[in-house]
file target_9.txt (compact mmCIF, C-alpha atoms)
# COMPACT_ATOMS: atom_id res chain seq x y z
CA MET A 1 -19.08 18.86 -16.79
CA PRO A 2 -19.24 19.14 -20.62
CA PHE A 3 -19.22 15.90 -22.56
CA GLU A 4 -15.88 16.75 -24.25
CA THR A 5 -14.19 17.11 -20.86
CA LYS A 6 -15.54 13.74 -19.75
CA LEU A 7 -14.31 12.12 -22.96
CA ALA A 8 -10.87 13.72 -22.59
CA LEU A 9 -10.62 12.50 -18.98
CA PHE A 10 -11.65 9.01 -20.03
CA ALA A 11 -9.15 9.01 -22.90
CA ALA A 12 -6.41 10.00 -20.44
CA VAL A 13 -7.32 7.10 -18.13
CA VAL A 14 -7.34 4.67 -21.07
CA LEU A 15 -3.98 5.90 -22.38
CA LEU A 16 -2.36 5.69 -18.94
CA SER A 17 -3.67 2.15 -18.38
CA VAL A 18 -2.58 0.88 -21.79
CA PHE A 19 0.79 2.62 -21.49
CA ALA A 20 1.33 0.98 -18.09
CA GLY A 21 0.38 -2.36 -19.65
CA PHE A 22 2.93 -2.05 -22.46
CA ILE A 23 5.66 -0.84 -20.08
CA TRP A 24 5.03 -3.89 -17.93
CA LYS A 25 4.96 -6.23 -20.94
CA THR A 26 8.35 -5.04 -22.19
CA ARG A 27 10.05 -4.97 -18.78
CA THR A 28 8.76 -8.12 -17.12
CA GLY A 29 10.76 -11.34 -17.27
CA ARG A 30 13.94 -9.66 -18.53
CA ALA A 31 17.31 -10.24 -16.94
CA ASN A 32 19.15 -7.29 -15.45
CA LEU A 33 22.88 -7.47 -14.73
CA VAL A 34 23.79 -7.32 -11.05
CA LYS A 35 27.09 -5.54 -10.48
CA SER A 36 27.43 -6.19 -6.73
CA GLY A 37 28.23 -9.89 -7.27
CA GLU A 38 26.95 -10.61 -3.77
CA LEU A 39 27.67 -14.08 -2.40
CA VAL A 40 24.36 -15.78 -1.61
CA ASP A 41 24.27 -18.35 1.18
CA LEU A 42 21.49 -20.80 0.31
CA SER A 43 21.23 -22.21 3.84
CA LYS A 44 20.77 -18.73 5.33
CA LEU A 45 17.98 -18.19 2.82
CA GLU A 46 16.37 -21.49 3.87
CA ALA A 47 16.12 -22.26 0.18
CA THR A 48 14.08 -25.35 -0.64
CA LYS A 49 13.70 -27.79 -3.47
CA ASN A 50 10.41 -29.74 -3.41
CA GLY A 51 10.14 -28.87 0.28
CA ALA A 52 13.65 -30.11 1.21
CA LYS A 53 16.36 -27.68 2.33
CA VAL A 54 19.22 -27.02 -0.07
CA SER A 55 22.64 -25.56 0.69
CA LYS A 56 24.86 -26.60 -2.24
CA TYR A 57 24.97 -24.59 -5.47
CA GLY A 58 24.35 -25.97 -8.92
CA ARG A 59 27.56 -26.96 -10.74
CA LYS A 60 27.38 -23.97 -13.06
CA VAL A 61 24.14 -22.09 -12.44
CA THR A 62 21.71 -21.73 -9.54
CA PHE A 63 18.33 -20.08 -10.03
CA VAL A 64 17.08 -18.70 -6.71
CA GLN A 65 13.38 -18.00 -7.11
CA PHE A 66 11.73 -15.79 -4.48
CA SER A 67 8.05 -16.67 -4.12
CA THR A 68 5.11 -15.82 -1.88
CA GLU A 69 1.85 -17.53 -1.01
CA VAL A 70 -0.03 -14.89 -3.00
CA CYS A 71 1.70 -14.95 -6.37
CA SER A 72 0.01 -15.36 -9.71
CA GLN A 73 3.09 -16.43 -11.70
CA CYS A 74 5.26 -18.29 -9.18
CA ARG A 75 3.89 -21.69 -10.15
CA GLN A 76 4.55 -21.38 -13.85
CA THR A 77 8.00 -19.93 -13.14
CA ALA A 78 8.85 -22.86 -10.85
CA ARG A 79 7.70 -25.27 -13.55
CA LEU A 80 9.73 -23.51 -16.27
CA LEU A 81 12.92 -23.39 -14.18
CA GLY A 82 12.31 -26.98 -13.01
CA GLU A 83 12.24 -28.08 -16.66
CA VAL A 84 15.48 -26.21 -17.36
CA GLU A 85 17.06 -27.94 -14.37
CA ALA A 86 15.86 -31.33 -15.59
CA ARG A 87 17.45 -30.75 -19.01
CA HIS A 88 20.84 -29.53 -17.76
CA LYS A 89 22.72 -31.39 -15.04
CA ASP A 90 24.78 -28.28 -14.16
CA VAL A 91 21.69 -26.27 -13.26
CA LEU A 92 19.94 -26.06 -9.89
CA HIS A 93 16.62 -24.38 -9.20
CA VAL A 94 15.61 -23.53 -5.63
CA GLU A 95 12.73 -21.57 -4.17
CA VAL A 96 12.68 -19.17 -1.22
CA ASP A 97 9.30 -18.36 0.28
CA VAL A 98 9.50 -14.76 1.51
CA THR A 99 5.85 -14.56 2.67
CA ASN A 100 7.05 -14.61 6.26
CA ARG A 101 10.68 -13.67 5.62
CA LEU A 102 10.29 -9.97 4.99
CA ASP A 103 13.87 -9.51 6.21
CA LEU A 104 15.05 -11.43 3.13
CA ALA A 105 12.65 -9.53 0.88
CA ALA A 106 14.07 -6.27 2.25
CA HIS A 107 17.69 -7.40 1.95
CA PHE A 108 17.32 -8.46 -1.69
CA LYS A 109 14.93 -5.56 -2.42
CA VAL A 110 12.25 -7.96 -3.65
CA LEU A 111 9.09 -5.99 -4.40
CA GLN A 112 7.38 -8.48 -6.65
CA THR A 113 7.23 -12.25 -6.89
CA PRO A 114 8.53 -14.17 -8.64
CA THR A 115 11.95 -12.52 -8.58
CA THR A 116 14.77 -14.81 -9.64
CA LEU A 117 18.48 -14.40 -8.92
CA VAL A 118 20.92 -16.10 -11.27
CA LEU A 119 24.02 -17.32 -9.39
CA ASP A 120 27.25 -18.62 -10.91
CA SER A 121 29.06 -21.77 -9.76
CA THR A 122 30.55 -19.94 -6.75
CA GLY A 123 27.18 -18.61 -5.60
CA ARG A 124 27.69 -15.02 -6.70
CA VAL A 125 24.73 -13.09 -8.14
CA LYS A 126 25.15 -12.45 -11.86
CA SER A 127 21.72 -11.20 -12.81
CA ARG A 128 18.21 -10.78 -11.62
CA ILE A 129 14.87 -11.43 -13.31
CA GLY A 130 11.70 -9.67 -12.13
CA GLY A 131 8.45 -11.44 -13.02
CA ALA A 132 7.96 -14.68 -14.93
CA PRO A 133 11.20 -15.16 -16.96
CA LYS A 134 10.86 -15.21 -20.73
CA PRO A 135 12.25 -18.51 -22.10
CA ASN A 136 14.87 -16.83 -24.35
CA VAL A 137 16.10 -14.90 -21.31
CA ILE A 138 16.84 -18.16 -19.50
CA ALA A 139 18.64 -19.55 -22.56
CA HIS A 140 20.79 -16.40 -22.69
CA GLU A 141 21.70 -16.73 -18.99
CA LEU A 142 22.69 -20.37 -19.54
CA GLU A 143 24.89 -19.31 -22.47
CA LYS A 144 26.61 -16.63 -20.42
CA LEU A 145 27.43 -19.14 -17.68
CA GLU A 146 28.55 -21.70 -20.25
CA VAL A 147 25.88 -24.33 -19.63
CA ILE A 148 24.95 -24.37 -23.31
CA MET B 1 3.61 -22.82 7.38
CA SER B 2 2.01 -23.31 4.03
CA SER B 3 4.34 -22.52 1.21
CA THR B 4 4.45 -22.12 -2.51
CA ALA B 5 7.65 -24.13 -2.43
CA ASN B 6 6.55 -27.31 -0.71
CA GLY B 7 3.54 -28.33 -2.72
CA THR B 8 0.79 -27.54 -0.20
CA THR B 9 -0.90 -25.08 -2.56
CA PRO B 10 -4.64 -25.40 -3.19
CA ALA B 11 -5.98 -26.85 -6.44
CA GLY B 12 -5.47 -24.64 -9.49
CA ILE B 13 -8.13 -22.69 -11.37
CA ASP B 14 -8.46 -21.70 -15.02
CA PRO B 15 -6.54 -18.36 -15.19
CA ARG B 16 -8.88 -17.09 -17.90
CA GLY B 17 -11.75 -17.03 -15.37
CA PRO B 18 -10.37 -14.07 -13.37
CA ARG B 19 -9.40 -12.36 -16.64
CA PHE B 20 -12.97 -12.68 -17.90
CA GLY B 21 -14.21 -11.27 -14.58
CA ALA B 22 -11.80 -8.36 -14.97
CA GLY B 23 -13.24 -7.74 -18.44
CA VAL B 24 -16.74 -7.42 -16.96
CA THR B 25 -15.39 -5.11 -14.24
CA ASN B 26 -13.65 -3.12 -16.97
CA VAL B 27 -16.94 -2.43 -18.79
CA LEU B 28 -18.78 -1.75 -15.53
CA SER B 29 -16.14 0.78 -14.47
CA VAL B 30 -16.55 2.73 -17.74
CA VAL B 31 -20.31 2.95 -17.16
CA ILE B 32 -19.78 4.08 -13.55
CA PHE B 33 -17.16 6.64 -14.64
CA PHE B 34 -19.43 8.38 -17.16
CA LEU B 35 -22.54 8.25 -14.96
CA ALA B 36 -20.57 9.68 -12.03
CA LEU B 37 -19.39 12.65 -14.10
CA ASP B 38 -22.89 13.37 -15.43
CA SER B 39 -24.61 16.56 -14.28
CA ASP B 40 -27.89 14.68 -13.80
CA ARG B 41 -28.37 13.81 -10.11
CA ILE B 42 -30.19 10.58 -10.94
CA ASN B 43 -27.26 9.36 -13.04
CA GLN B 44 -24.86 10.28 -10.24
CA SER B 45 -26.94 8.21 -7.83
CA ALA B 46 -26.95 5.35 -10.31
CA ALA B 47 -23.13 5.52 -10.46
CA TYR B 48 -22.98 5.42 -6.66
CA LEU B 49 -25.27 2.39 -6.50
CA LEU B 50 -23.33 0.59 -9.25
CA LEU B 51 -20.10 1.15 -7.31
CA VAL B 52 -21.80 -0.31 -4.22
CA LEU B 53 -22.79 -3.29 -6.39
CA ALA B 54 -19.20 -3.64 -7.58
CA ALA B 55 -18.03 -3.53 -3.95
CA VAL B 56 -20.50 -6.28 -2.99
CA LEU B 57 -19.26 -8.45 -5.89
CA PHE B 58 -15.64 -7.86 -4.84
CA ALA B 59 -16.61 -8.82 -1.29
CA VAL B 60 -18.07 -12.13 -2.53
CA GLY B 61 -14.81 -12.92 -4.32
CA ALA B 62 -12.64 -11.73 -1.43
CA PHE B 63 -14.46 -13.63 1.33
CA PHE B 64 -15.78 -16.73 -0.44
CA GLY B 65 -13.14 -17.19 -3.15
CA THR B 66 -13.23 -16.45 -6.84
CA GLY B 67 -15.03 -19.76 -7.47
CA ALA B 68 -18.09 -18.39 -5.63
CA HIS B 69 -18.14 -15.21 -7.70
CA PRO B 70 -21.06 -14.70 -10.13
CA TYR B 71 -18.60 -13.77 -12.93
CA SER B 72 -16.89 -17.11 -12.39
CA TRP B 73 -20.24 -18.82 -12.84
CA LEU B 74 -20.86 -16.79 -16.03
CA TYR B 75 -17.42 -17.78 -17.29
CA LYS B 76 -18.05 -21.48 -16.66
CA LYS B 77 -21.50 -21.36 -18.28
CA LEU B 78 -20.89 -19.10 -21.28
CA VAL B 79 -17.19 -18.75 -22.06
CA ARG B 80 -15.37 -21.86 -20.90
CA PRO B 81 -17.37 -24.27 -23.14
CA ARG B 82 -16.25 -22.28 -26.21
CA LEU B 83 -12.55 -22.41 -25.30
CA GLY B 84 -10.09 -25.27 -25.15
CA ALA B 85 -8.58 -26.54 -21.94
CA PRO B 86 -6.30 -24.04 -20.20
CA LYS B 87 -2.57 -24.44 -20.86
CA GLU B 88 -1.81 -24.00 -17.21
CA LEU B 89 -3.77 -23.76 -13.98
CA GLU B 90 -3.35 -20.84 -11.63
CA ASP B 91 -3.21 -20.59 -7.85
CA PRO B 92 -6.65 -19.31 -6.66
CA ARG B 93 -5.20 -17.21 -3.82
CA PRO B 94 -3.76 -14.30 -5.86
CA PRO B 95 -7.03 -13.46 -7.67
CA GLN B 96 -8.85 -13.75 -4.35
CA PHE B 97 -6.41 -11.26 -2.85
CA ALA B 98 -6.91 -8.99 -5.87
CA GLN B 99 -10.67 -9.06 -5.16
CA ALA B 100 -9.92 -7.75 -1.67
CA VAL B 101 -7.84 -4.94 -3.20
CA GLY B 102 -10.77 -4.16 -5.52
CA LEU B 103 -13.12 -4.11 -2.53
CA PHE B 104 -10.80 -1.64 -0.81
CA VAL B 105 -10.66 0.69 -3.84
CA ALA B 106 -14.45 0.61 -4.35
CA SER B 107 -15.03 1.22 -0.62
CA VAL B 108 -12.70 4.24 -0.63
CA GLY B 109 -14.72 5.71 -3.52
CA ILE B 110 -18.01 5.08 -1.73
CA VAL B 111 -16.76 6.66 1.49
CA LEU B 112 -15.18 9.67 -0.28
CA GLN B 113 -18.42 10.39 -2.10
CA ALA B 114 -20.46 9.90 1.08
CA VAL B 115 -18.38 12.47 2.98
CA GLY B 116 -18.81 14.96 0.15
CA VAL B 117 -15.83 14.53 -2.16
CA GLN B 118 -17.39 15.48 -5.49
CA TYR B 119 -15.61 12.95 -7.73
CA GLY B 120 -15.04 10.13 -5.22
CA VAL B 121 -16.97 7.58 -7.27
CA ALA B 122 -15.37 8.68 -10.55
CA ILE B 123 -11.85 8.40 -9.09
CA ALA B 124 -12.53 4.89 -7.79
CA ALA B 125 -14.04 3.91 -11.17
CA ALA B 126 -10.90 5.20 -12.95
CA ALA B 127 -8.65 3.16 -10.62
CA LEU B 128 -10.77 0.04 -11.14
CA PHE B 129 -10.69 0.64 -14.88
CA ALA B 130 -6.87 0.83 -14.89
CA ALA B 131 -6.41 -2.32 -12.79
CA SER B 132 -9.01 -4.35 -14.71
CA THR B 133 -7.49 -3.23 -18.03
CA LEU B 134 -4.11 -4.61 -16.95
CA GLN B 135 -5.68 -7.87 -15.78
CA ALA B 136 -8.10 -8.43 -18.67
CA TYR B 137 -5.94 -7.38 -21.64
CA PHE B 138 -2.36 -7.73 -20.40
CA ALA B 139 -2.82 -10.66 -17.98
CA TYR B 140 -1.12 -8.49 -15.35
CA CYS B 141 -2.71 -8.85 -11.95
CA LEU B 142 -1.85 -5.57 -10.24
CA GLY B 143 -3.85 -6.52 -7.16
CA CYS B 144 -1.81 -9.73 -6.84
CA GLN B 145 1.47 -8.01 -7.58
CA ILE B 146 1.22 -5.46 -4.77
CA TYR B 147 0.82 -8.20 -2.13
CA LEU B 148 4.49 -8.31 -1.17
CA ALA B 149 4.86 -4.52 -1.35
CA LEU B 150 1.88 -4.07 1.01
CA LYS B 151 3.29 -6.70 3.36
CA ARG B 152 6.68 -5.07 3.39
CA ALA B 153 5.06 -1.70 4.09
CA GLY B 154 3.32 -3.31 7.09
CA ILE B 155 -0.13 -2.59 5.66
CA ILE B 156 -1.13 -6.25 5.71
CA ARG B 157 -0.06 -8.57 8.49
CA ALA B 158 1.44 -12.04 8.49
CA SER B 159 -0.90 -14.77 7.31
call {"tool": "encode", "arguments": {"input": "target_9.txt", "output": "structure tokens"}}
result
Amino acid sequence: MPFETKLALFAAVVLLSVFAGFIWKTRTGRANLVKSGELVDLSKLEATKNGAKVSKYGRKVTFVQFSTEVCSQCRQTARLLGEVEARHKDVLHVEVDVTNRLDLAAHFKVLQTPTTLVLDSTGRVKSRIGGAPKPNVIAHELEKLEVI
Amino acid sequence: MSSTANGTTPAGIDPRGPRFGAGVTNVLSVVIFFLALDSDRINQSAAYLLLVLAAVLFAVGAFFGTGAHPYSWLYKKLVRPRLGAPKELEDPRPPQFAQAVGLFVASVGIVLQAVGVQYGVAIAAAALFAASTLQAYFAYCLGCQIYLALKRAGIIRAS
């Protein structure tokens, strides 16, 4: 194989990798509107907060974070949303471990963890965040649901 | 059932360690890629052996944890002392899983080449380059991220 061909192949691999990296960087952690407005039953999800089961929604907002045992950004996401919860009394953050609940992962079409659903006061899904949420994204969600 | 939600997770590691390791893998995969595409038989053999070496290193990380990995030792000795404390610690299980994914990719390349696929090693090197680029420069662990997708597809079983 001539050297130029090898270089061109390598350049293609580099471009694809870097392109994929930038695509991921721009898309991850953003909130997407959910039109279905599905009602989420926290007790059916076996949602937990610090290991204890939770069934009641937050007064204005509930963040439902889907996690797995193998998840590089679930910890930092839980910490970020936990801090938001601590600052605003109308906010609840719960976690759902889908490692062994693939039925839930399939139902909510969760392909990556963390995936976070933003519920309103009545438990209906308003938006969905794939990956570790960017802080300004969380602030915007709180504004939309009139927490701040 | 151990869970990310109930606080039974293992002690955290410095997330820059796996990223440093991915950087080394990144460079290694470039070397393998060019050697594999060389017309010289000796260079092709060298590429094959380097991919076997990469597979062995992945196996160490996959079976004994990233803490046992030689790159982790390099990081602690050479890089970590020059950096400040990490902002946040990371769960050690995702990078360990990613090592297993790396082992799988390297093994596929080795087997393809062994059964006569001309560019088996080069294809594996390109895949490893892409994944290690995302991990090292974008802090995106592709190997970790596909865990749930693989589980849902039934490719890996319940833990």
call {"tool": "closest_residue", "arguments": {"input": "target_9.txt", "among": "A:Asp97, A:Glu38, A:Glu83, A:Glu143", "to": "chain B", "atoms": "all atoms listed in the file"}}
result
A:Asp97
call {"tool": "residues_around", "arguments": {"input": "target_9.txt", "residues": "Gln112 (chain A)", "least_positions_apart": "4", "cutoff": "9 Å", "atoms": "all atoms listed in the file", "output": "tab-separated table (two decimals) with C-alpha atoms, keeping the file's coordinate frame"}}
result
chain	number	residue	atom	x	y	z
A	66	PHE	CA	11.73	-15.79	-4.48
A	67	SER	CA	8.05	-16.67	-4.12
A	71	CYS	CA	1.70	-14.95	-6.37
A	130	GLY	CA	11.70	-9.67	-12.13
A	131	GLY	CA	8.45	-11.44	-13.02
B	145	GLN	CA	1.47	-8.01	-7.58
B	146	ILE	CA	1.22	-5.46	-4.77
B	147	TYR	CA	0.82	-8.20	-2.13
B	148	LEU	CA	4.49	-8.31	-1.17
B	149	ALA	CA	4.86	-4.52	-1.35
call {"tool": "residues_around", "arguments": {"input": "target_9.txt", "residues": "Gln118 (chain B)", "least_positions_apart": "6", "cutoff": "12 Å", "atoms": "only C-alpha atoms", "output": "PyMOL selection string"}}
result
(chain A and resi 1) or (chain B and resi 36-39+44+48+109-112+124)
call {"tool": "atom_distance", "arguments": {"input": "target_9.txt", "atom1": "CA of Pro2 (chain A)", "atom2": "CA of Ala114 (chain B)"}}
result
23.6 Å
call {"tool": "closest_residue", "arguments": {"input": "target_9.txt", "among": "B:Gly23, B:Gly120, B:Gly102, B:Pro94", "to": "Pro10 (chain B)", "atoms": "all atoms listed in the file"}}
result
B:Pro94
call {"tool": "closest_residue", "arguments": {"input": "target_9.txt", "among": "B:Phe64, B:Tyr71, B:Phe58, B:Phe129", "to": "chain A", "atoms": "all atoms listed in the file"}}
result
B:Phe129
call {"tool": "closest_residue", "arguments": {"input": "target_9.txt", "among": "B:Val101, B:Leu78, B:Ala11, B:Arg152", "to": "Lys109 (chain A)", "atoms": "all atoms listed in the file"}}
result
B:Arg152
call {"tool": "residues_around", "arguments": {"input": "target_9.txt", "residues": "Thr116 (chain A)", "least_positions_apart": "3", "cutoff": "9 Å", "atoms": "all atoms listed in the file", "output": "ChimeraX atom specification"}}
result
/A:31,63-67,95,113,127-133
call {"tool": "residues_around", "arguments": {"input": "target_9.txt", "residues": "Arg16 (chain B)", "least_positions_apart": "2", "cutoff": "12 Å", "atoms": "all atoms listed in the file", "output": "short mmCIF file (atom, residue, chain, number, x, y, z; two decimals) with C-alpha atoms, in the frame of the given file"}}
result
data_model
loop_
_atom_site.label_atom_id
_atom_site.label_comp_id
_atom_site.auth_asym_id
_atom_site.auth_seq_id
_atom_site.Cartn_x
_atom_site.Cartn_y
_atom_site.Cartn_z
CA GLY B 12 -5.47 -24.64 -9.49
CA ILE B 13 -8.13 -22.69 -11.37
CA ASP B 14 -8.46 -21.70 -15.02
CA PRO B 18 -10.37 -14.07 -13.37
CA ARG B 19 -9.40 -12.36 -16.64
CA PHE B 20 -12.97 -12.68 -17.90
CA GLY B 21 -14.21 -11.27 -14.58
CA ALA B 22 -11.80 -8.36 -14.97
CA GLY B 23 -13.24 -7.74 -18.44
CA THR B 66 -13.23 -16.45 -6.84
CA TYR B 71 -18.60 -13.77 -12.93
CA SER B 72 -16.89 -17.11 -12.39
CA TYR B 75 -17.42 -17.78 -17.29
CA LYS B 76 -18.05 -21.48 -16.66
CA VAL B 79 -17.19 -18.75 -22.06
CA ARG B 80 -15.37 -21.86 -20.90
CA LEU B 83 -12.55 -22.41 -25.30
CA GLY B 84 -10.09 -25.27 -25.15
CA ALA B 85 -8.58 -26.54 -21.94
CA PRO B 86 -6.30 -24.04 -20.20
CA LYS B 87 -2.57 -24.44 -20.86
CA GLU B 88 -1.81 -24.00 -17.21
CA LEU B 89 -3.77 -23.76 -13.98
CA GLU B 90 -3.35 -20.84 -11.63
CA PRO B 92 -6.65 -19.31 -6.66
CA PRO B 95 -7.03 -13.46 -7.67
CA GLN B 135 -5.68 -7.87 -15.78
CA ALA B 136 -8.10 -8.43 -18.67
CA TYR B 137 -5.94 -7.38 -21.64
CA PHE B 138 -2.36 -7.73 -20.40
CA ALA B 139 -2.82 -10.66 -17.98
CA TYR B 140 -1.12 -8.49 -15.35
CA CYS B 141 -2.71 -8.85 -11.95
#
call {"tool": "residues_around", "arguments": {"input": "target_9.txt", "residues": "Pro135 (chain A)", "least_positions_apart": "3", "cutoff": "12 Å", "atoms": "only C-alpha atoms", "output": "VMD selection string"}}
result
chain A and resid 29 to 31 76 to 77 79 to 81 83 to 84 129 132 138 to 142
call {"tool": "write_last_selection", "arguments": {"input": "target_9.txt", "atoms": "C-alpha atoms", "output": "PDB file, in the coordinates of the input"}}
result
ATOM      1  CA  GLY A  29      10.760 -11.340 -17.270  1.00  0.00           C
ATOM      2  CA  ARG A  30      13.940  -9.660 -18.530  1.00  0.00           C
ATOM      3  CA  ALA A  31      17.310 -10.240 -16.940  1.00  0.00           C
ATOM      4  CA  GLN A  76       4.550 -21.380 -13.850  1.00  0.00           C
ATOM      5  CA  THR A  77       8.000 -19.930 -13.140  1.00  0.00           C
ATOM      6  CA  ARG A  79       7.700 -25.270 -13.550  1.00  0.00           C
ATOM      7  CA  LEU A  80       9.730 -23.510 -16.270  1.00  0.00           C
ATOM      8  CA  LEU A  81      12.920 -23.390 -14.180  1.00  0.00           C
ATOM      9  CA  GLU A  83      12.240 -28.080 -16.660  1.00  0.00           C
ATOM     10  CA  VAL A  84      15.480 -26.210 -17.360  1.00  0.00           C
ATOM     11  CA  ILE A 129      14.870 -11.430 -13.310  1.00  0.00           C
ATOM     12  CA  ALA A 132       7.960 -14.680 -14.930  1.00  0.00           C
ATOM     13  CA  ILE A 138      16.840 -18.160 -19.500  1.00  0.00           C
ATOM     14  CA  ALA A 139      18.640 -19.550 -22.560  1.00  0.00           C
ATOM     15  CA  HIS A 140      20.790 -16.400 -22.690  1.00  0.00           C
ATOM     16  CA  GLU A 141      21.700 -16.730 -18.990  1.00  0.00           C
ATOM     17  CA  LEU A 142      22.690 -20.370 -19.540  1.00  0.00           C
TER      18      LEU A 142
END
call {"tool": "atom_distance", "arguments": {"input": "target_9.txt", "atom1": "CA of Leu142 (chain B)", "atom2": "CA of Ile155 (chain B)"}}
result
16.3 Å
call {"tool": "residues_near_point", "arguments": {"input": "target_9.txt", "point": "(29.4, -22.8, -18.7)", "cutoff": "10 Å", "atoms": "all atoms listed in the file", "output": "list of chain:residue names"}}
result
A:Arg59, A:Lys60, A:Val61, A:Asp90, A:Asp120, A:Ser121, A:Glu141, A:Leu142, A:Glu143, A:Lys144, A:Leu145, A:Glu146, A:Val147, A:Ile148
call {"tool": "closest_atom_pairs", "arguments": {"input": "target_9.txt", "of": "chain A", "to": "chain B", "cutoff": "9 Å", "atoms": "all atoms listed in the file", "output": "tab-separated table"}}
result
residue	atom	partner	partner_atom	distance
A:Met1	CA	B:Ser39	CA	6.5
A:Pro2	CA	B:Asp38	CA	8.6
A:Phe3	CA	B:Asp38	CA	8.4
A:Lys6	CA	B:Leu37	CA	6.9
A:Leu7	CA	B:Phe34	CA	8.6
A:Phe10	CA	B:Phe33	CA	8.1
A:Val13	CA	B:Ala126	CA	6.6
A:Val14	CA	B:Ala130	CA	7.3
A:Leu16	CA	B:Ala130	CA	7.8
A:Ser17	CA	B:Ala130	CA	4.9
A:Val18	CA	B:Thr133	CA	7.4
A:Ala20	CA	B:Leu134	CA	7.9
A:Gly21	CA	B:Leu134	CA	5.7
A:Phe22	CA	B:Phe138	CA	8.0
A:Trp24	CA	B:Tyr140	CA	8.1
A:Lys25	CA	B:Phe138	CA	7.5
A:Thr48	CA	B:Ala5	CA	6.8
A:Lys49	CA	B:Ala5	CA	7.1
A:Asn50	CA	B:Asn6	CA	5.3
A:Gly51	CA	B:Asn6	CA	4.0
A:Ala52	CA	B:Asn6	CA	7.9
A:Ser67	CA	B:Thr4	CA	6.7
A:Thr68	CA	B:Thr4	CA	6.4
A:Glu69	CA	B:Thr4	CA	5.5
A:Val70	CA	B:Pro94	CA	4.7
A:Cys71	CA	B:Pro94	CA	5.5
A:Ser72	CA	B:Pro94	CA	5.5
A:Gln73	CA	B:Glu90	CA	7.8
A:Cys74	CA	B:Thr4	CA	7.7
A:Arg75	CA	B:Glu90	CA	7.4
A:Gln76	CA	B:Glu88	CA	7.7
A:Ala78	CA	B:Ala5	CA	8.6
A:Val94	CA	B:Ala5	CA	8.6
A:Glu95	CA	B:Ala5	CA	5.9
A:Val96	CA	B:Ala5	CA	7.2
A:Asp97	CA	B:Ser3	CA	6.5
A:Val98	CA	B:Leu148	CA	8.6
A:Thr99	CA	B:Leu148	CA	7.5
A:Asn100	CA	B:Ala158	CA	6.6
A:Leu102	CA	B:Arg152	CA	6.3
A:Asp103	CA	B:Arg152	CA	8.9
A:Ala105	CA	B:Arg152	CA	7.9
A:Ala106	CA	B:Arg152	CA	7.6
A:Val110	CA	B:Leu148	CA	8.2
A:Leu111	CA	B:Ala149	CA	5.4
A:Gln112	CA	B:Gln145	CA	6.0
A:Thr113	CA	B:Gln145	CA	7.2
call {"tool": "axis_aligned_box", "arguments": {"input": "target_9.txt", "around": "region 77-91 of chain A", "padding_each_side": "8 Å", "output": "AutoDock Vina command-line options"}}
result
--center_x 16.2 --center_y -25.7 --center_z -14.9 --size_x 33.1 --size_y 27.5 --size_z 24.2
call {"tool": "atom_distance", "arguments": {"input": "target_9.txt", "atom1": "CA of Ile32 (chain B)", "atom2": "CA of Phe63 (chain B)"}}
result
23.7 Å
call {"tool": "closest_residue", "arguments": {"input": "target_9.txt", "among": "B:Leu103, B:Ile123, B:Val24, B:Leu35", "to": "Ala55 (chain B)", "atoms": "all atoms listed in the file"}}
result
B:Leu103
